[in-house]
$ cat input_34.cif   # mmCIF, C-alpha atoms
data_data
#
loop_
_atom_site.label_atom_id
_atom_site.label_comp_id
_atom_site.auth_asym_id
_atom_site.auth_seq_id
_atom_site.Cartn_x
_atom_site.Cartn_y
_atom_site.Cartn_z
CA MET A 1022 -8.76 -16.91 20.85
CA HIS A 1023 -11.56 -17.58 18.35
CA ILE A 1024 -12.76 -14.59 16.33
CA ALA A 1025 -15.87 -14.80 14.14
CA ASP A 1026 -16.69 -12.12 11.54
CA ILE A 1027 -20.14 -11.71 10.04
CA THR A 1028 -21.26 -9.20 7.40
CA LEU A 1029 -23.63 -8.55 4.51
CA PHE A 1030 -20.87 -6.64 2.68
CA PHE A 1031 -19.57 -9.71 0.88
CA ALA A 1032 -20.43 -10.27 -2.77
CA PRO A 1033 -18.66 -11.12 -6.05
CA HIS A 1034 -18.02 -7.42 -6.76
CA SER A 1035 -17.52 -6.24 -3.17
CA GLY A 1036 -14.92 -3.65 -2.37
CA GLY A 1037 -12.83 -2.84 0.67
CA VAL A 1038 -14.78 -4.74 3.34
CA LYS A 1039 -14.42 -8.03 1.50
CA ARG A 1040 -10.70 -7.42 0.90
CA TYR A 1041 -10.22 -6.61 4.58
CA LEU A 1042 -12.00 -9.77 5.73
CA LEU A 1043 -10.15 -12.09 3.36
CA ALA A 1044 -6.80 -10.52 4.28
CA LYS A 1045 -7.67 -10.91 7.95
CA HIS A 1046 -8.61 -14.55 7.42
CA ARG A 1047 -5.33 -15.31 5.63
CA HIS A 1048 -3.26 -13.45 8.21
CA LEU A 1049 -4.88 -15.05 11.26
CA ALA A 1050 -4.57 -18.52 9.73
CA GLY A 1051 -0.84 -18.29 10.39
CA ARG A 1052 -1.10 -17.09 13.98
CA THR A 1053 -0.57 -19.56 16.83
CA GLY A 1054 -3.40 -19.64 19.34
CA VAL A 1055 -5.81 -17.75 17.08
CA ARG A 1056 -8.71 -19.14 15.07
CA HIS A 1057 -10.79 -17.09 12.64
CA SER A 1058 -14.20 -17.88 11.14
CA LEU A 1059 -16.05 -15.86 8.53
CA LEU A 1060 -19.82 -16.14 8.05
CA VAL A 1061 -21.23 -14.45 4.93
CA PRO A 1062 -24.22 -14.65 2.57
CA GLY A 1063 -23.81 -16.81 -0.52
CA THR A 1064 -25.60 -18.69 -3.24
CA THR A 1065 -25.11 -21.97 -1.42
CA THR A 1066 -24.74 -23.13 2.18
CA ALA A 1067 -21.26 -24.56 2.44
CA GLU A 1068 -17.77 -24.10 3.83
CA ILE A 1069 -16.15 -22.27 0.90
CA GLU A 1070 -12.67 -22.76 2.35
CA PRO A 1071 -11.45 -23.65 5.84
CA GLY A 1072 -13.17 -21.30 8.24
CA VAL A 1073 -15.20 -19.39 5.60
CA TYR A 1074 -18.88 -20.31 5.73
CA ALA A 1075 -21.46 -19.16 3.20
CA ARG A 1076 -25.18 -19.42 3.94
CA ALA A 1077 -27.95 -19.08 1.37
CA GLU A 1078 -31.13 -19.79 3.35
CA TRP A 1079 -34.00 -17.52 2.42
CA SER A 1080 -32.00 -14.61 1.10
CA ILE A 1081 -32.98 -11.84 -1.30
CA PRO A 1082 -30.54 -11.05 -4.15
CA CYS A 1083 -29.80 -7.32 -4.38
CA ALA A 1084 -27.82 -4.96 -6.58
CA GLY A 1085 -24.13 -5.70 -7.01
CA GLY A 1086 -24.54 -9.38 -6.14
CA TYR A 1087 -25.28 -8.72 -2.46
CA ARG A 1088 -27.74 -10.98 -0.66
CA VAL A 1089 -29.96 -10.12 2.31
CA PRO A 1090 -30.79 -13.12 4.56
CA LEU A 1091 -34.31 -13.26 5.98
CA ARG A 1092 -34.21 -16.02 8.58
CA ARG A 1093 -32.19 -14.47 11.39
CA SER A 1094 -32.65 -17.49 13.64
CA LEU A 1095 -30.51 -19.64 11.32
CA TRP A 1096 -27.69 -17.12 11.38
CA ARG A 1097 -27.91 -16.78 15.16
CA ARG A 1098 -27.69 -20.56 15.51
CA ALA A 1099 -24.69 -20.69 13.15
CA LEU A 1100 -22.87 -18.06 15.20
CA VAL A 1101 -23.63 -19.81 18.49
CA GLU A 1102 -22.35 -23.11 17.09
CA LEU A 1103 -19.02 -21.48 16.20
CA LYS A 1104 -18.41 -20.86 19.94
CA ALA A 1105 -16.39 -17.72 19.24
CA ASP A 1106 -14.76 -15.60 21.93
CA VAL A 1107 -15.21 -12.41 19.89
CA ILE A 1108 -17.91 -11.73 17.30
CA GLU A 1109 -17.18 -8.84 14.94
CA VAL A 1110 -19.98 -7.37 12.81
CA GLY A 1111 -19.10 -5.59 9.58
CA ASP A 1112 -22.38 -3.80 8.83
CA PRO A 1113 -25.11 -2.06 10.86
CA TYR A 1114 -28.12 -3.96 9.56
CA HIS A 1115 -30.19 -6.85 10.87
CA LEU A 1116 -27.31 -9.31 11.18
CA ALA A 1117 -25.76 -6.95 13.72
CA TRP A 1118 -28.76 -7.52 16.01
CA THR A 1119 -28.48 -11.25 15.31
CA ALA A 1120 -24.85 -11.19 16.41
CA LEU A 1121 -25.79 -9.44 19.66
CA ASP A 1122 -28.39 -12.15 20.37
CA ALA A 1123 -25.88 -14.91 19.60
CA ALA A 1124 -23.22 -13.31 21.81
CA ARG A 1125 -25.58 -13.20 24.78
CA GLU A 1126 -26.28 -16.89 24.29
CA CYS A 1127 -22.67 -18.05 23.93
CA GLY A 1128 -20.90 -15.47 26.12
CA ALA A 1129 -18.85 -13.84 23.34
CA MET A 1130 -17.62 -10.26 23.40
CA THR A 1131 -19.04 -8.09 20.61
CA VAL A 1132 -17.20 -5.74 18.28
CA ALA A 1133 -18.71 -3.59 15.53
CA PHE A 1134 -16.74 -2.19 12.60
CA ALA A 1135 -18.31 1.00 11.25
CA HIS A 1136 -17.14 0.62 7.66
CA SER A 1137 -19.82 2.94 6.25
CA ASP A 1138 -21.05 6.40 7.22
CA LEU A 1139 -24.71 5.41 7.19
CA PRO A 1140 -26.26 8.70 8.44
CA ARG A 1141 -24.52 10.83 5.80
CA MET A 1142 -25.16 8.34 3.04
CA ILE A 1143 -28.87 8.29 3.95
CA ALA A 1144 -28.98 12.08 4.27
CA SER A 1145 -27.38 12.57 0.84
CA ARG A 1146 -30.09 10.45 -0.78
CA PHE A 1147 -33.19 11.06 1.31
CA GLY A 1148 -32.62 14.32 3.19
CA ARG A 1149 -31.41 15.45 6.60
CA PHE A 1150 -34.39 14.11 8.58
CA ALA A 1151 -33.73 10.61 7.27
CA GLY A 1152 -30.07 11.13 8.14
CA ARG A 1153 -30.98 12.04 11.72
CA ALA A 1154 -33.13 8.93 12.00
CA ALA A 1155 -30.19 6.82 10.81
CA ASP A 1156 -27.96 8.54 13.36
CA ALA A 1157 -30.39 7.67 16.17
CA TYR A 1158 -30.57 4.08 14.92
CA LEU A 1159 -26.76 3.70 15.00
CA ARG A 1160 -26.62 5.14 18.50
CA ARG A 1161 -29.17 2.59 19.69
CA LEU A 1162 -27.34 -0.28 17.94
CA TYR A 1163 -23.71 0.51 18.70
CA SER A 1164 -24.37 1.31 22.36
CA ARG A 1165 -24.97 -2.43 22.81
CA PHE A 1166 -21.50 -3.45 21.55
CA ASP A 1167 -18.47 -3.92 23.80
CA LEU A 1168 -16.27 -2.07 21.32
CA VAL A 1169 -16.80 -0.10 18.09
CA GLN A 1170 -14.02 0.23 15.52
CA ALA A 1171 -13.84 3.14 13.09
CA PRO A 1172 -11.54 3.00 10.05
CA SER A 1173 -10.58 6.69 10.29
CA ARG A 1174 -10.41 9.55 12.75
CA LEU A 1175 -13.23 11.23 10.83
CA ILE A 1176 -15.67 8.38 11.43
CA ALA A 1177 -14.53 7.93 15.03
CA GLN A 1178 -15.29 11.57 15.77
CA ARG A 1179 -18.68 11.42 14.07
CA LEU A 1180 -19.61 8.39 16.16
CA ARG A 1181 -18.48 10.16 19.33
CA ASP A 1182 -20.46 13.25 18.34
CA SER A 1183 -23.51 11.00 18.05
CA GLY A 1184 -23.09 9.92 21.66
CA ILE A 1185 -21.54 6.51 20.97
CA ALA A 1186 -18.84 5.43 23.44
CA ARG A 1187 -16.06 2.81 23.37
CA ILE A 1188 -14.71 3.92 19.98
CA VAL A 1189 -11.23 3.12 18.65
CA VAL A 1190 -9.63 3.97 15.32
CA GLN A 1191 -8.78 0.74 13.53
CA PRO A 1192 -7.27 1.51 10.12
CA LEU A 1193 -7.46 -0.85 7.20
CA GLY A 1194 -4.30 -1.96 5.46
CA VAL A 1195 -2.69 -3.62 2.48
CA ASP A 1196 -0.61 -6.66 1.58
CA ALA A 1197 2.56 -4.69 0.94
CA ASP A 1198 4.27 -7.67 -0.71
CA LEU A 1199 1.46 -8.23 -3.20
CA PHE A 1200 0.74 -4.55 -3.90
CA HIS A 1201 4.26 -3.56 -4.84
CA PRO A 1202 5.97 -1.38 -7.49
CA SER A 1203 7.55 -4.53 -8.96
CA ARG A 1204 4.11 -5.40 -10.39
CA ARG A 1205 4.51 -2.66 -13.00
CA ASP A 1206 4.04 -4.00 -16.53
CA ALA A 1207 4.81 -1.83 -19.55
CA ALA A 1208 2.60 -4.09 -21.67
CA LEU A 1209 -0.52 -2.41 -20.24
CA ARG A 1210 0.14 0.71 -22.33
CA THR A 1211 0.49 -1.47 -25.42
CA GLU A 1212 -2.82 -3.18 -24.62
CA LEU A 1213 -4.49 0.25 -24.37
CA GLY A 1214 -2.73 1.63 -27.45
CA LEU A 1215 -1.08 4.44 -25.49
CA GLY A 1216 2.25 6.12 -26.13
CA ASP A 1217 4.88 6.81 -23.49
CA ASP A 1218 3.98 10.52 -23.52
CA VAL A 1219 0.43 9.92 -22.19
CA HIS A 1220 -0.18 10.29 -18.45
CA LEU A 1221 -2.00 7.12 -17.38
CA SER A 1222 -4.29 7.52 -14.34
CA ILE A 1223 -6.44 4.84 -12.72
CA PHE A 1224 -9.36 4.40 -10.35
CA ALA A 1225 -10.62 1.03 -9.13
CA GLY A 1226 -13.75 0.35 -7.12
CA ARG A 1227 -17.47 -0.14 -7.29
CA MET A 1228 -19.00 2.15 -9.90
CA ALA A 1229 -21.39 3.43 -7.23
CA ARG A 1230 -22.89 6.88 -6.86
CA GLU A 1231 -20.68 7.86 -3.94
CA LYS A 1232 -17.51 7.29 -6.02
CA ASP A 1233 -18.54 10.18 -8.34
CA VAL A 1234 -17.25 8.53 -11.51
CA PRO A 1235 -19.10 11.10 -13.71
CA LEU A 1236 -16.87 13.79 -12.19
CA LEU A 1237 -13.79 11.77 -13.14
CA LEU A 1238 -15.03 11.44 -16.72
CA ARG A 1239 -15.76 15.16 -17.02
CA THR A 1240 -12.34 15.93 -15.60
CA PHE A 1241 -10.47 13.74 -18.08
CA ALA A 1242 -12.56 15.06 -20.97
CA ARG A 1243 -11.32 18.52 -19.92
CA LEU A 1244 -7.68 17.35 -19.58
CA GLY A 1245 -7.62 16.03 -23.14
CA PRO A 1246 -5.55 13.46 -25.06
CA ARG A 1247 -2.31 13.83 -23.05
CA HIS A 1248 -4.19 12.06 -20.22
CA HIS A 1249 -5.90 8.66 -20.14
CA LEU A 1250 -8.10 7.21 -17.38
CA ILE A 1251 -8.63 3.53 -16.58
CA LEU A 1252 -11.72 2.71 -14.53
CA VAL A 1253 -11.60 -0.78 -13.01
CA GLY A 1254 -14.88 -2.10 -11.68
CA GLY A 1255 -17.41 -2.18 -14.50
CA GLU A 1256 -19.26 -5.14 -15.92
CA LYS A 1257 -17.03 -5.48 -18.98
CA ARG A 1258 -14.26 -3.79 -20.93
CA SER A 1259 -15.48 -0.80 -22.89
CA ALA A 1260 -14.32 2.59 -24.19
CA LEU A 1261 -16.16 5.42 -22.42
CA SER A 1262 -14.62 8.25 -24.41
CA ALA A 1263 -11.48 8.97 -26.40
CA ASN A 1264 -9.33 9.07 -23.25
CA ALA A 1265 -11.13 6.76 -20.80
CA THR A 1266 -11.38 2.96 -20.67
CA MET A 1267 -13.60 0.83 -18.45
CA LEU A 1268 -12.25 -2.54 -17.32
CA ALA A 1269 -14.24 -5.24 -15.58
CA TYR A 1270 -14.15 -5.69 -11.81
CA GLU A 1271 -10.90 -7.43 -10.90
CA GLN A 1272 -11.39 -10.11 -8.28
CA ASP A 1273 -7.80 -11.35 -8.39
CA PRO A 1274 -5.64 -9.12 -6.13
CA ALA A 1275 -2.50 -9.89 -8.13
CA ARG A 1276 -4.11 -8.69 -11.37
CA LEU A 1277 -5.44 -5.59 -9.60
CA ALA A 1278 -1.93 -4.90 -8.28
CA ARG A 1279 -0.55 -5.22 -11.80
CA LEU A 1280 -3.07 -2.64 -13.12
CA LEU A 1281 -2.35 -0.21 -10.28
CA ALA A 1282 1.42 -0.50 -10.49
CA SER A 1283 1.34 -0.05 -14.28
CA ALA A 1284 -0.41 3.32 -14.07
CA ASP A 1285 1.23 6.65 -13.24
CA ALA A 1286 -1.19 7.90 -10.56
CA LEU A 1287 -4.49 7.05 -8.88
CA VAL A 1288 -7.34 9.57 -8.98
CA HIS A 1289 -10.30 9.30 -6.58
CA ALA A 1290 -13.21 11.76 -6.82
CA GLY A 1291 -15.43 10.20 -4.12
CA ALA A 1292 -16.33 12.54 -1.26
CA LEU A 1293 -17.81 9.95 1.13
CA GLU A 1294 -14.91 7.58 1.76
CA THR A 1295 -14.68 6.30 5.33
CA PHE A 1296 -11.11 5.11 4.75
CA GLY A 1297 -10.03 4.72 1.11
CA LEU A 1298 -8.50 1.25 0.79
CA ILE A 1299 -7.85 1.63 -2.94
CA VAL A 1300 -5.76 4.72 -2.15
CA VAL A 1301 -3.52 2.74 0.20
CA GLU A 1302 -3.24 -0.11 -2.33
CA ALA A 1303 -2.15 2.36 -5.01
CA MET A 1304 0.37 3.95 -2.64
CA ALA A 1305 1.78 0.49 -1.89
CA CYS A 1306 2.31 0.09 -5.64
CA GLY A 1307 4.38 3.28 -5.68
CA LEU A 1308 1.76 5.60 -7.17
CA PRO A 1309 1.10 9.23 -6.28
CA VAL A 1310 -2.55 9.65 -5.26
CA ILE A 1311 -4.98 12.45 -6.05
CA GLY A 1312 -8.21 12.77 -4.09
CA VAL A 1313 -10.74 15.28 -2.87
CA ARG A 1314 -10.71 17.24 0.35
CA ALA A 1315 -13.65 15.35 1.84
CA GLY A 1316 -14.41 12.20 3.79
CA ALA A 1317 -11.35 10.36 5.12
CA LEU A 1318 -9.15 10.93 2.06
CA PRO A 1319 -7.27 13.89 3.64
CA GLU A 1320 -6.08 11.49 6.36
CA LEU A 1321 -4.24 9.53 3.65
CA ILE A 1322 -3.26 12.15 1.07
CA ASP A 1323 -1.08 15.24 1.37
CA ASP A 1324 1.55 17.04 -0.72
CA GLN A 1325 4.17 14.44 0.25
CA VAL A 1326 2.34 11.67 -1.65
CA GLY A 1327 0.03 13.48 -4.07
CA ALA A 1328 -2.53 16.27 -4.09
CA LEU A 1329 -6.04 17.14 -2.92
CA ALA A 1330 -8.78 18.93 -4.84
CA GLU A 1331 -12.07 20.45 -3.76
CA ALA A 1332 -14.93 17.95 -3.83
CA GLY A 1333 -17.24 18.09 -6.81
CA ASP A 1334 -15.10 20.66 -8.67
CA VAL A 1335 -13.80 19.74 -12.14
CA ASP A 1336 -11.46 22.74 -12.32
CA SER A 1337 -9.92 21.95 -8.95
CA LEU A 1338 -9.47 18.26 -9.77
CA CYS A 1339 -7.87 19.12 -13.12
CA ALA A 1340 -5.45 21.44 -11.34
CA ALA A 1341 -4.54 18.79 -8.75
CA ILE A 1342 -3.85 16.18 -11.45
CA GLU A 1343 -1.76 18.60 -13.50
CA LYS A 1344 0.17 19.63 -10.36
CA VAL A 1345 1.15 16.01 -9.68
CA TYR A 1346 2.23 15.32 -13.25
CA ALA A 1347 4.18 18.60 -13.43
CA GLY A 1348 6.18 17.59 -10.36
CA ASP A 1349 8.46 14.68 -9.49
CA VAL A 1350 6.06 11.76 -9.95
CA ALA A 1351 8.68 9.16 -9.05
CA ARG A 1352 9.54 10.90 -5.77
CA LEU A 1353 5.86 11.15 -4.78
CA GLY A 1354 5.46 7.45 -5.55
CA ARG A 1355 8.46 6.52 -3.39
CA GLN A 1356 7.10 8.58 -0.50
CA ALA A 1357 3.71 6.92 -0.88
CA ARG A 1358 5.26 3.47 -0.74
CA LEU A 1359 7.31 4.37 2.33
CA ARG A 1360 4.21 5.64 4.15
CA VAL A 1361 2.41 2.37 3.54
CA GLU A 1362 5.36 0.34 4.82
CA ARG A 1363 5.40 2.38 8.03
CA ARG A 1364 1.68 2.56 8.75
CA TYR A 1365 -0.61 0.37 6.68
CA ALA A 1366 0.95 -3.07 6.15
CA TRP A 1367 -1.59 -5.71 7.20
CA THR A 1368 0.78 -7.22 9.76
CA SER A 1369 0.89 -3.99 11.77
CA VAL A 1370 -2.84 -3.38 11.37
CA PHE A 1371 -3.85 -6.85 12.53
CA ASP A 1372 -1.35 -6.87 15.40
CA LEU A 1373 -3.04 -3.74 16.72
CA GLN A 1374 -6.45 -5.35 16.32
CA LEU A 1375 -5.44 -8.59 18.04
CA GLU A 1376 -4.07 -6.61 20.97
CA ARG A 1377 -7.43 -4.92 21.33
CA TYR A 1378 -9.29 -8.22 21.16
CA ALA A 1379 -7.04 -9.66 23.88
CA ARG A 1380 -7.59 -6.66 26.14
CA LEU A 1381 -11.32 -6.88 25.55
CA LEU A 1382 -11.39 -10.56 26.51
CA ARG A 1383 -9.56 -9.81 29.73
CA THR A 1384 -12.57 -7.78 30.84
CA ARG A 1385 -14.61 -11.00 30.92
CA THR A 1386 -12.46 -12.34 33.75
CA HIS A 1387 -11.49 -8.95 35.20
CA PRO A 1388 -14.58 -6.72 34.83
CA SER A 1389 -12.95 -4.04 36.96
CA LEU A 1390 -10.67 -3.20 34.01
CA GLY A 1391 -13.57 -1.64 32.12
CA VAL A 1392 -13.95 -1.85 28.36
CA GLU A 1393 -12.54 1.64 27.80
CA HIS A 1394 -9.29 0.68 29.58
CA ALA A 1395 -9.24 -2.63 27.74
CA SER A 1396 -9.22 -0.97 24.32
CA GLU A 1397 -6.58 1.66 24.85
CA PRO A 1398 -3.34 1.04 23.00
CA ALA A 1399 -2.25 3.94 20.78
CA ASP A 1400 -5.23 4.86 18.70
CA ALA A 1401 -4.01 4.44 15.09
CA PRO A 1402 -1.45 5.89 12.76
CA SER A 1403 -0.77 9.58 13.24
CA PRO A 1404 -1.92 12.02 10.58
CA PRO A 1405 0.20 12.23 7.42
#

$ encode --input "input_34.cif" --output "structure tokens"
Amino acid sequence: MHIADITLFFAPHSGGVKRYLLAKHRHLAGRTGVRHSLLVPGTTTAEIEPGVYARAEWSIPCAGGYRVPLRRSLWRRALVELKADVIEVGDPYHLAWTALDAARECGAMTVAFAHSDLPRMIASRFGRFAGRAADAYLRRLYSRFDLVQAPSRLIAQRLRDSGIARIVVQPLGVDADLFHPSRRDAALRTELGLGDDVHLSIFAGRMAREKDVPLLLRTFARLGPRHHLILVGGEKRSALSANATMLAYEQDPARLARLLASADALVHAGALETFGLIVVEAMACGLPVIGVRAGALPELIDDQVGALAEAGDVDSLCAAIEKVYAGDVARLGRQARLRVERRYAWTSVFDLQLERYARLLRTRTHPSLGVEHASEPADAPSPP
């Protein structure tokens, strides 16, 4: 089985989509009978590593290091030449249409992964009419795919409500050996000049609008000097206030794991998460997690592993953080780690995905199966 992934969501400072694709590439490299190729925008046209192809032809640099290719025909030709059995598309933009064209030419099955909640993101910035237009666009696009993956039950239901069929919940995951409590390093507190009596919280991710970093900063200003916040994902190290420090984006997963494991809890104020990969990575490192009751975060966080606050509410977020630190932090961290081992290790996640690919391919030779029947193993981890 040859699987080819293509996406625009791949840049030097990319977040969860890039981590998912690289983890998938590493995992599938060790599987007998499976080949994986990854086609992404880059600053040069070359094979970055075996099976990972960057293309730079006629692309426009955008914010965050992303690049938008203009010559779709070159990307279509590159996909056709890969001769993949399954083409998976990681974003809903023009390369998704290119992948559909390439699949028709080479006979591949098509899979979309709805990593983002495009209609709600558009609506939050440009109003509900723009959001409805985006919803209609997704319905027109995704109806052409053989299978659509959603990272959470929330996104799966929203796609179904939009009239999109052939939806499965495909969670993301974590390298549970790399993101591990053993990565904890007491030297981090020394580097930050913090005493043992300070509660050290962390958030890592793109410093984008939807992450609501200003809410985090207001919250920690309210909490005062007994609390310190590390934000990982800026351009450089800087002090934001007396009890908040910005660290640069961490591209090395091992160094990110060390930062996560060396904190006491992860705090996430974003209300638009479609999964929350950084939450699962923190849980794998043995951290309690604090989030907001919005997006897909309630599918990951409950009282067994942390606490939830109301979205956009400083008082509520302060109370949730204080509740966690007033309780048994170590026990919450152990429960968080155990949940990851049971549900979100990459091996389990990719085994589920490969099973779905195999069932999908069987419909090429046995059309009577139907795509819905072909994609029906158990639909994802049960709620927490």

$ closest_residue --input "input_34.cif" --among "A:Glu1109, A:Val1101, A:Arg1204, A:Val1073" --to "Ala1025 of chain A" --atoms "all atoms listed in the file"
A:Glu1109

$ closest_residue --input "input_34.cif" --among "A:Glu1294, A:Asp1217, A:Asp1285, A:Glu1302" --to "Arg1230 of chain A" --atoms "only C-alpha atoms"
A:Glu1294

$ closest_residue --input "input_34.cif" --among "A:Ser1173, A:Gln1325, A:Thr1368, A:Gln1374" --to "Arg1047 of chain A" --atoms "all atoms listed in the file"
A:Thr1368

$ resolve_selection --input "input_34.cif" --expression "the PyMOL selection byres ((chain A and resi 1136) around 8)" --output "list of chain:residue names"
A:Val1038, A:Gly1111, A:Asp1112, A:Phe1134, A:Ala1135, A:Ser1137, A:Asp1138, A:Ala1171, A:Pro1172, A:Thr1295

$ atom_distance --input "input_34.cif" --atom1 "atom CA of Gly1152 of chain A" --atom2 "atom CA of Ser1183 of chain A"
11.9 Å

$ resolve_selection --input "input_34.cif" --expression "the PyMOL selection byres ((chain A and resi 1304) around 10)" --output "number ranges by chain"
A: 1195, 1197, 1200-1202, 1281-1282, 1286-1287, 1298-1303, 1305-1310, 1321-1322, 1326-1327, 1353-1362

$ resolve_selection --input "input_34.cif" --expression "the PyMOL selection byres ((chain A and resi 1093) around 12)" --output "ChimeraX atom specification"
/A:1062,1076-1080,1089-1092,1094-1100,1114-1123

$ atom_distance --input "input_34.cif" --atom1 "atom CA of Arg1247 of chain A" --atom2 "atom CA of Ala1265 of chain A"
11.5 Å

$ atom_distance --input "input_34.cif" --atom1 "atom CA of Arg1165 of chain A" --atom2 "atom CA of Phe1296 of chain A"
24.0 Å
